[in-house]
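Enquirer: I am attaching a structure below and will ask some questions about it afterwards.
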Amino acid sequence: MIRRARNDDWDGVRALWREVDDLHARLAPAYFRSTSRAPREWTDLVAAPEAAIFVDEDGQSQGGTLIGFVSARIFETPPDPAMVPLRRGHVEMLVVARAHRRRGVGGRLMRQISDWALRQGAAELVLTVWAGNKAAEAFYEHLGYGELSRVLHTRLV
Ligand SMILES: CC(C)(COP(=O)(O)OP(=O)(O)OC[C@H]1O[C@@H](n2cnc3c(N)ncnc32)[C@H](O)[C@@H]1OP(=O)(O)O)[C@@H](O)C(=O)NCCC(=O)NCCS
């Protein structure tokens, strides 16, 4: 069952959030590290007026296990005359519990967040996939996402 997130989802969310943080720490250790999130980060995100989070809860009744969540935020184009004004949704986090992958959960969460972004007047969704995340690349390609830009870097120290 997919529904909007609540403050009291924190206990189910923390392990999922840890999965995606650990993944990013493995993929880009110069940028990310494994950490324990504070409940406040979750409640701030749930309360953010320009953002939305949907969770997928396994089981019919309240109190089921959370098996995935997605979060996104609405962005306006910066006031740059060279940029085409376009309201966009930015998908900030998507994670499905390892044991529940390849069963369509990620696809269903992305449909919910797309519908939400459309209702907010967004014309498109954008997101970042860190280099080496082959599963996410294949997943978004399957959903029809295409490359918009590439961020290059080199270490100076
Ligand atoms: C990426 C992720 C959210 C996909 O969730 P999911 O529930 O497994 O995705 P779905 O079951 O909806 O997959 C839909 C399709 O995407 C493609 N796909 C998904 N995972 C894939 C993988 N590991 N390898 C190849 N193709 C994959 C397939 O075409 C799949 O359809 P199929 O299973 O019928 O072949 C999940 O792997 C995950 O949580 N990864 C860790 C966190 C992460 O990387 N998040 C995204 C950060 S940008």
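Residues in the structure tokens are numbered from 1 in each chain, the chains being A, B, ... in the order shown, and ligands are numbered from 1 in the order shown.
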Write out as a PyMOL selection string the set of residues from region 21-133 of chain A that DSSP, computed on the backbone, places in alpha helix (DSSP H).

Expert: chain A and resi 21-27+39-47+105-119

Enquirer: Name the residues in contact with Asp11 (chain A) at a cut-off of 10 Å, using only C-alpha atoms, excluding same-chain residues fewer than 5 positions from it; report them as a PyMOL selection string.

Expert: chain A and resi 16+39+65-66

Enquirer: Dump all heavy atoms for the selected residues as an mmCIF file, in the first residue's frame?

Expert:
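part-v1.cif written:
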```cif
data_model
loop_
_atom_site.group_PDB
_atom_site.id
_atom_site.type_symbol
_atom_site.label_atom_id
_atom_site.label_comp_id
_atom_site.auth_asym_id
_atom_site.auth_seq_id
_atom_site.Cartn_x
_atom_site.Cartn_y
_atom_site.Cartn_z
ATOM 1 N N LEU A 16 15.871 1.838 5.895
ATOM 2 C CA LEU A 16 15.881 2.082 4.451
ATOM 3 C C LEU A 16 16.830 3.221 4.107
ATOM 4 O O LEU A 16 17.595 3.166 3.137
ATOM 5 C CB LEU A 16 14.463 2.424 3.976
ATOM 6 C CG LEU A 16 13.432 1.300 4.041
ATOM 7 C CD1 LEU A 16 12.031 1.849 3.814
ATOM 8 C CD2 LEU A 16 13.755 0.234 2.998
ATOM 9 N N PRO A 39 16.050 11.490 13.955
ATOM 10 C CA PRO A 39 14.607 11.536 13.655
ATOM 11 C C PRO A 39 14.165 12.915 13.174
ATOM 12 O O PRO A 39 13.261 13.049 12.362
ATOM 13 C CB PRO A 39 13.943 11.198 14.996
ATOM 14 C CG PRO A 39 15.000 10.715 15.896
ATOM 15 C CD PRO A 39 16.340 10.994 15.297
ATOM 16 N N THR A 65 5.179 -3.387 7.626
ATOM 17 C CA THR A 65 6.597 -3.074 7.430
ATOM 18 C C THR A 65 6.772 -2.129 6.247
ATOM 19 O O THR A 65 6.170 -2.332 5.193
ATOM 20 C CB THR A 65 7.356 -4.383 7.102
ATOM 21 O OG1 THR A 65 6.990 -5.354 8.071
ATOM 22 C CG2 THR A 65 8.844 -4.167 7.100
ATOM 23 N N LEU A 66 7.596 -1.127 6.409
ATOM 24 C CA LEU A 66 7.885 -0.231 5.278
ATOM 25 C C LEU A 66 8.919 -0.888 4.382
ATOM 26 O O LEU A 66 9.984 -1.296 4.845
ATOM 27 C CB LEU A 66 8.408 1.112 5.775
ATOM 28 C CG LEU A 66 7.430 1.996 6.541
ATOM 29 C CD1 LEU A 66 7.978 3.415 6.639
ATOM 30 C CD2 LEU A 66 6.068 2.035 5.870
#
```

Enquirer: DSSP on the backbone: what in chain A comes out strand (DSSP E), as a count of residues only?

Expert: 34

Enquirer: Considering only C-alpha atoms and all ligand atoms, state which residue in the set A:Ala38, A:Leu156, A:Ala131, A:Leu94 is at the smallest distance from ligand 1.

Expert: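 Going through A:Ala38, A:Leu156, A:Ala131, A:Leu94 one by one, the smallest distance to ligand 1 is for A:Leu94.
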
Enquirer: Nearest to Asp44 (chain A) among A:Trp10, A:Trp130, A:Phe75, A:Tyr140, with distances taken over only C-alpha atoms: which residue is it?

Expert: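 Looking only at the distances to Asp44 (chain A), the closest residue turns out to be A:Trp10.
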
Enquirer: If you count only C-alpha atoms, which residues fall within 7 Å of Asp56 (chain A), apart from same-chain ones fewer than 3 positions away, as a PyMOL selection string?

Expert: chain A and resi 1-3+66-69

Enquirer: Could you turn the residues from that selection into a file that holds all heavy atoms, as a PDB file, in the first residue's frame?

Expert:
```
ATOM      1  N   MET A   1       0.842  -1.188   0.000  1.00  0.00           N
ATOM      2  CA  MET A   1       0.000   0.000   0.000  1.00  0.00           C
ATOM      3  C   MET A   1       0.889   1.255   0.000  1.00  0.00           C
ATOM      4  O   MET A   1       1.734   1.411   0.883  1.00  0.00           O
ATOM      5  CB  MET A   1      -0.875  -0.007   1.257  1.00  0.00           C
ATOM      6  CG  MET A   1      -1.832   1.177   1.316  1.00  0.00           C
ATOM      7  SD  MET A   1      -2.661   1.278   2.913  1.00  0.00           S
ATOM      8  CE  MET A   1      -1.327   1.760   4.005  1.00  0.00           C
ATOM      9  N   ILE A   2       0.703   2.102  -0.983  1.00  0.00           N
ATOM     10  CA  ILE A   2       1.498   3.327  -1.036  1.00  0.00           C
ATOM     11  C   ILE A   2       0.676   4.474  -0.449  1.00  0.00           C
ATOM     12  O   ILE A   2      -0.497   4.633  -0.782  1.00  0.00           O
ATOM     13  CB  ILE A   2       1.936   3.648  -2.474  1.00  0.00           C
ATOM     14  CG1 ILE A   2       2.860   2.512  -2.984  1.00  0.00           C
ATOM     15  CG2 ILE A   2       2.654   4.995  -2.536  1.00  0.00           C
ATOM     16  CD1 ILE A   2       3.436   2.750  -4.352  1.00  0.00           C
ATOM     17  N   ARG A   3       1.294   5.236   0.430  1.00  0.00           N
ATOM     18  CA  ARG A   3       0.596   6.368   1.070  1.00  0.00           C
ATOM     19  C   ARG A   3       1.610   7.457   1.388  1.00  0.00           C
ATOM     20  O   ARG A   3       2.825   7.221   1.330  1.00  0.00           O
ATOM     21  CB  ARG A   3      -0.106   5.907   2.347  1.00  0.00           C
ATOM     22  CG  ARG A   3       0.838   5.284   3.367  1.00  0.00           C
ATOM     23  CD  ARG A   3       0.209   5.157   4.739  1.00  0.00           C
ATOM     24  NE  ARG A   3       1.068   4.420   5.661  1.00  0.00           N
ATOM     25  CZ  ARG A   3       2.133   4.922   6.266  1.00  0.00           C
ATOM     26  NH1 ARG A   3       2.507   6.172   6.059  1.00  0.00           N
ATOM     27  NH2 ARG A   3       2.872   4.179   7.090  1.00  0.00           N
ATOM     28  N   LEU A  66       7.596  -1.127   6.409  1.00  0.00           N
ATOM     29  CA  LEU A  66       7.885  -0.231   5.278  1.00  0.00           C
ATOM     30  C   LEU A  66       8.919  -0.888   4.382  1.00  0.00           C
ATOM     31  O   LEU A  66       9.984  -1.296   4.845  1.00  0.00           O
ATOM     32  CB  LEU A  66       8.408   1.112   5.775  1.00  0.00           C
ATOM     33  CG  LEU A  66       7.430   1.996   6.541  1.00  0.00           C
ATOM     34  CD1 LEU A  66       7.978   3.415   6.639  1.00  0.00           C
ATOM     35  CD2 LEU A  66       6.068   2.035   5.870  1.00  0.00           C
ATOM     36  N   ILE A  67       8.606  -0.976   3.090  1.00  0.00           N
ATOM     37  CA  ILE A  67       9.528  -1.664   2.174  1.00  0.00           C
ATOM     38  C   ILE A  67      10.133  -0.703   1.149  1.00  0.00           C
ATOM     39  O   ILE A  67      10.919  -1.112   0.313  1.00  0.00           O
ATOM     40  CB  ILE A  67       8.847  -2.850   1.466  1.00  0.00           C
ATOM     41  CG1 ILE A  67       7.599  -2.386   0.695  1.00  0.00           C
ATOM     42  CG2 ILE A  67       8.491  -3.927   2.470  1.00  0.00           C
ATOM     43  CD1 ILE A  67       7.007  -3.482  -0.177  1.00  0.00           C
ATOM     44  N   GLY A  68       9.770   0.560   1.210  1.00  0.00           N
ATOM     45  CA  GLY A  68      10.389   1.515   0.300  1.00  0.00           C
ATOM     46  C   GLY A  68       9.822   2.899   0.505  1.00  0.00           C
ATOM     47  O   GLY A  68       8.737   3.055   1.075  1.00  0.00           O
ATOM     48  N   PHE A  69      10.585   3.885   0.078  1.00  0.00           N
ATOM     49  CA  PHE A  69      10.048   5.241   0.080  1.00  0.00           C
ATOM     50  C   PHE A  69      10.714   6.072  -1.003  1.00  0.00           C
ATOM     51  O   PHE A  69      11.798   5.751  -1.498  1.00  0.00           O
ATOM     52  CB  PHE A  69      10.141   5.920   1.454  1.00  0.00           C
ATOM     53  CG  PHE A  69      11.508   6.385   1.871  1.00  0.00           C
ATOM     54  CD1 PHE A  69      11.930   7.692   1.629  1.00  0.00           C
ATOM     55  CD2 PHE A  69      12.372   5.540   2.545  1.00  0.00           C
ATOM     56  CE1 PHE A  69      13.179   8.139   2.033  1.00  0.00           C
ATOM     57  CE2 PHE A  69      13.622   5.969   2.966  1.00  0.00           C
ATOM     58  CZ  PHE A  69      14.031   7.271   2.710  1.00  0.00           C
TER      59      PHE A  69
END
```

Enquirer: Work out how far CA of Gly64 (chain A) is from CA of Val91 (chain A), in Å to one decimal.

Expert: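 Computing it gives 24.7 Å between the two atoms.
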
Enquirer: Tell me which of A:Val84, A:Ala25, A:Leu152, A:Val46 sits closest to ligand 1, counting only C-alpha atoms and all ligand atoms.

Expert: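 Looking at the shortest contact to ligand 1, the residue is A:Ala25.
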
Enquirer: List the neighbours of Gly89 (chain A) out to 6 Å using only C-alpha atoms; skip same-chain residues closer than 6 positions along the sequence, and give me the result as a PDB file with N, CA and C atoms, in the first residue's frame.

Expert:
```
ATOM      1  N   ARG A  73      11.037  17.130  -4.305  1.00  0.00           N
ATOM      2  CA  ARG A  73      10.840  18.532  -3.957  1.00  0.00           C
ATOM      3  C   ARG A  73      10.594  19.311  -5.241  1.00  0.00           C
ATOM      4  N   ILE A  74       9.814  20.360  -5.170  1.00  0.00           N
ATOM      5  CA  ILE A  74       9.539  21.185  -6.349  1.00  0.00           C
ATOM      6  C   ILE A  74      10.544  22.338  -6.415  1.00  0.00           C
ATOM      7  N   ALA A 117       4.032  15.357  -8.563  1.00  0.00           N
ATOM      8  CA  ALA A 117       4.742  16.489  -9.180  1.00  0.00           C
ATOM      9  C   ALA A 117       3.869  17.151 -10.251  1.00  0.00           C
ATOM     10  N   ALA A 122       4.521  20.706 -12.021  1.00  0.00           N
ATOM     11  CA  ALA A 122       5.857  20.434 -12.567  1.00  0.00           C
ATOM     12  C   ALA A 122       5.738  19.883 -13.982  1.00  0.00           C
ATOM     13  N   LEU A 125      10.522  15.655 -14.167  1.00  0.00           N
ATOM     14  CA  LEU A 125      11.238  15.200 -12.980  1.00  0.00           C
ATOM     15  C   LEU A 125      12.714  15.095 -13.317  1.00  0.00           C
TER      16      LEU A 125
END
```

Enquirer: Using only C-alpha atoms, find the one residue out of A:Tyr31, A:Arg88, A:Phe54, A:Trp42 that sits nearest to Arg119 (chain A).

Expert: A:Arg88

Enquirer: Could you tell me how far CA of Glu147 (chain A) lies from atom 44 (O, counted along the ligand's line) of ligand 1, in Å and to one decimal?

Expert: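 Rounded to one decimal, the two atoms are 16.2 Å apart.
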
Enquirer: Considering only C-alpha atoms and all ligand atoms, can you say which of A:Leu45, A:Asp115, A:Gly146, A:Leu23 comes closest to ligand 1?

Expert: A:Leu23

Enquirer: Can you measure atom 19 (C, counted along the ligand's line) of ligand 1 to CA of Gly107 (chain A) for me? One decimal in Å is fine.

Expert: 8.5 Å

Enquirer: Using only C-alpha atoms and all ligand atoms, which residues have at least one atom no more than 6 Å from ligand 1? Output them as a PDB file with N, CA, C and O atoms, in the first residue's frame.

Expert:
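Wrote it out as result-v5.pdb, contents follow:
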```pdb
ATOM      1  N   VAL A  20      20.449   3.370   1.631  1.00  0.00           N
ATOM      2  CA  VAL A  20      20.832   4.261   0.531  1.00  0.00           C
ATOM      3  C   VAL A  20      22.070   5.076   0.922  1.00  0.00           C
ATOM      4  O   VAL A  20      22.957   5.294   0.088  1.00  0.00           O
ATOM      5  N   LEU A  94      15.168   7.621  -3.342  1.00  0.00           N
ATOM      6  CA  LEU A  94      14.304   6.479  -3.664  1.00  0.00           C
ATOM      7  C   LEU A  94      15.033   5.247  -3.186  1.00  0.00           C
ATOM      8  O   LEU A  94      16.200   5.039  -3.543  1.00  0.00           O
ATOM      9  N   VAL A  95      14.382   4.461  -2.386  1.00  0.00           N
ATOM     10  CA  VAL A  95      15.005   3.202  -1.965  1.00  0.00           C
ATOM     11  C   VAL A  95      13.923   2.158  -1.725  1.00  0.00           C
ATOM     12  O   VAL A  95      12.849   2.460  -1.207  1.00  0.00           O
ATOM     13  N   VAL A  96      14.245   0.945  -2.152  1.00  0.00           N
ATOM     14  CA  VAL A  96      13.386  -0.216  -1.906  1.00  0.00           C
ATOM     15  C   VAL A  96      14.233  -1.206  -1.100  1.00  0.00           C
ATOM     16  O   VAL A  96      15.404  -1.441  -1.442  1.00  0.00           O
ATOM     17  N   ARG A 101      13.209  -6.035  -3.802  1.00  0.00           N
ATOM     18  CA  ARG A 101      13.496  -5.446  -5.124  1.00  0.00           C
ATOM     19  C   ARG A 101      13.061  -6.369  -6.255  1.00  0.00           C
ATOM     20  O   ARG A 101      12.842  -7.542  -6.059  1.00  0.00           O
ATOM     21  N   ARG A 102      12.936  -5.795  -7.422  1.00  0.00           N
ATOM     22  CA  ARG A 102      12.539  -6.468  -8.661  1.00  0.00           C
ATOM     23  C   ARG A 102      11.118  -7.037  -8.563  1.00  0.00           C
ATOM     24  O   ARG A 102      10.813  -8.066  -9.134  1.00  0.00           O
ATOM     25  N   ARG A 103      10.271  -6.355  -7.807  1.00  0.00           N
ATOM     26  CA  ARG A 103       8.848  -6.748  -7.730  1.00  0.00           C
ATOM     27  C   ARG A 103       7.946  -5.576  -8.082  1.00  0.00           C
ATOM     28  O   ARG A 103       6.769  -5.565  -7.732  1.00  0.00           O
ATOM     29  N   GLY A 104       8.528  -4.543  -8.663  1.00  0.00           N
ATOM     30  CA  GLY A 104       7.707  -3.427  -9.117  1.00  0.00           C
ATOM     31  C   GLY A 104       7.474  -2.328  -8.100  1.00  0.00           C
ATOM     32  O   GLY A 104       6.788  -1.351  -8.392  1.00  0.00           O
ATOM     33  N   VAL A 105       8.060  -2.464  -6.895  1.00  0.00           N
ATOM     34  CA  VAL A 105       7.823  -1.454  -5.849  1.00  0.00           C
ATOM     35  C   VAL A 105       8.398  -0.097  -6.266  1.00  0.00           C
ATOM     36  O   VAL A 105       7.725   0.942  -6.178  1.00  0.00           O
ATOM     37  N   GLY A 106       9.646  -0.108  -6.766  1.00  0.00           N
ATOM     38  CA  GLY A 106      10.279   1.155  -7.179  1.00  0.00           C
ATOM     39  C   GLY A 106       9.478   1.844  -8.274  1.00  0.00           C
ATOM     40  O   GLY A 106       9.254   3.057  -8.236  1.00  0.00           O
ATOM     41  N   GLY A 107       8.997   1.064  -9.225  1.00  0.00           N
ATOM     42  CA  GLY A 107       8.202   1.629 -10.322  1.00  0.00           C
ATOM     43  C   GLY A 107       6.917   2.266  -9.799  1.00  0.00           C
ATOM     44  O   GLY A 107       6.529   3.354 -10.232  1.00  0.00           O
ATOM     45  N   THR A 128      19.492  12.583  -9.744  1.00  0.00           N
ATOM     46  CA  THR A 128      20.910  12.258  -9.921  1.00  0.00           C
ATOM     47  C   THR A 128      21.132  10.783  -9.632  1.00  0.00           C
ATOM     48  O   THR A 128      20.627  10.274  -8.630  1.00  0.00           O
ATOM     49  N   VAL A 129      21.895  10.135 -10.506  1.00  0.00           N
ATOM     50  CA  VAL A 129      22.354   8.767 -10.226  1.00  0.00           C
ATOM     51  C   VAL A 129      23.866   8.822 -10.114  1.00  0.00           C
ATOM     52  O   VAL A 129      24.537   9.320 -11.035  1.00  0.00           O
ATOM     53  N   ALA A 135      22.206  -0.659 -10.932  1.00  0.00           N
ATOM     54  CA  ALA A 135      20.791  -1.026 -10.746  1.00  0.00           C
ATOM     55  C   ALA A 135      19.900   0.184 -11.000  1.00  0.00           C
ATOM     56  O   ALA A 135      18.893   0.103 -11.711  1.00  0.00           O
ATOM     57  N   ALA A 136      20.292   1.334 -10.425  1.00  0.00           N
ATOM     58  CA  ALA A 136      19.474   2.541 -10.601  1.00  0.00           C
ATOM     59  C   ALA A 136      19.491   2.991 -12.064  1.00  0.00           C
ATOM     60  O   ALA A 136      18.465   3.405 -12.602  1.00  0.00           O
ATOM     61  N   ALA A 138      19.782   1.113 -14.714  1.00  0.00           N
ATOM     62  CA  ALA A 138      18.901   0.216 -15.481  1.00  0.00           C
ATOM     63  C   ALA A 138      17.443   0.502 -15.160  1.00  0.00           C
ATOM     64  O   ALA A 138      16.572   0.495 -16.038  1.00  0.00           O
ATOM     65  N   PHE A 139      17.175   0.775 -13.893  1.00  0.00           N
ATOM     66  CA  PHE A 139      15.805   1.051 -13.445  1.00  0.00           C
ATOM     67  C   PHE A 139      15.255   2.302 -14.125  1.00  0.00           C
ATOM     68  O   PHE A 139      14.174   2.291 -14.717  1.00  0.00           O
ATOM     69  N   HIS A 142      14.706   1.884 -17.772  1.00  0.00           N
ATOM     70  CA  HIS A 142      13.461   1.118 -17.980  1.00  0.00           C
ATOM     71  C   HIS A 142      12.238   2.039 -17.905  1.00  0.00           C
ATOM     72  O   HIS A 142      11.261   1.858 -18.638  1.00  0.00           O
TER      73      HIS A 142
END
```

Enquirer: Counting only C-alpha atoms, which of A:Ala123, A:Arg14, A:Thr43, A:Arg150 gets nearest to Pro85 (chain A)?

Expert: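 Selected residue with least distance to Pro85 (chain A): A:Ala123.
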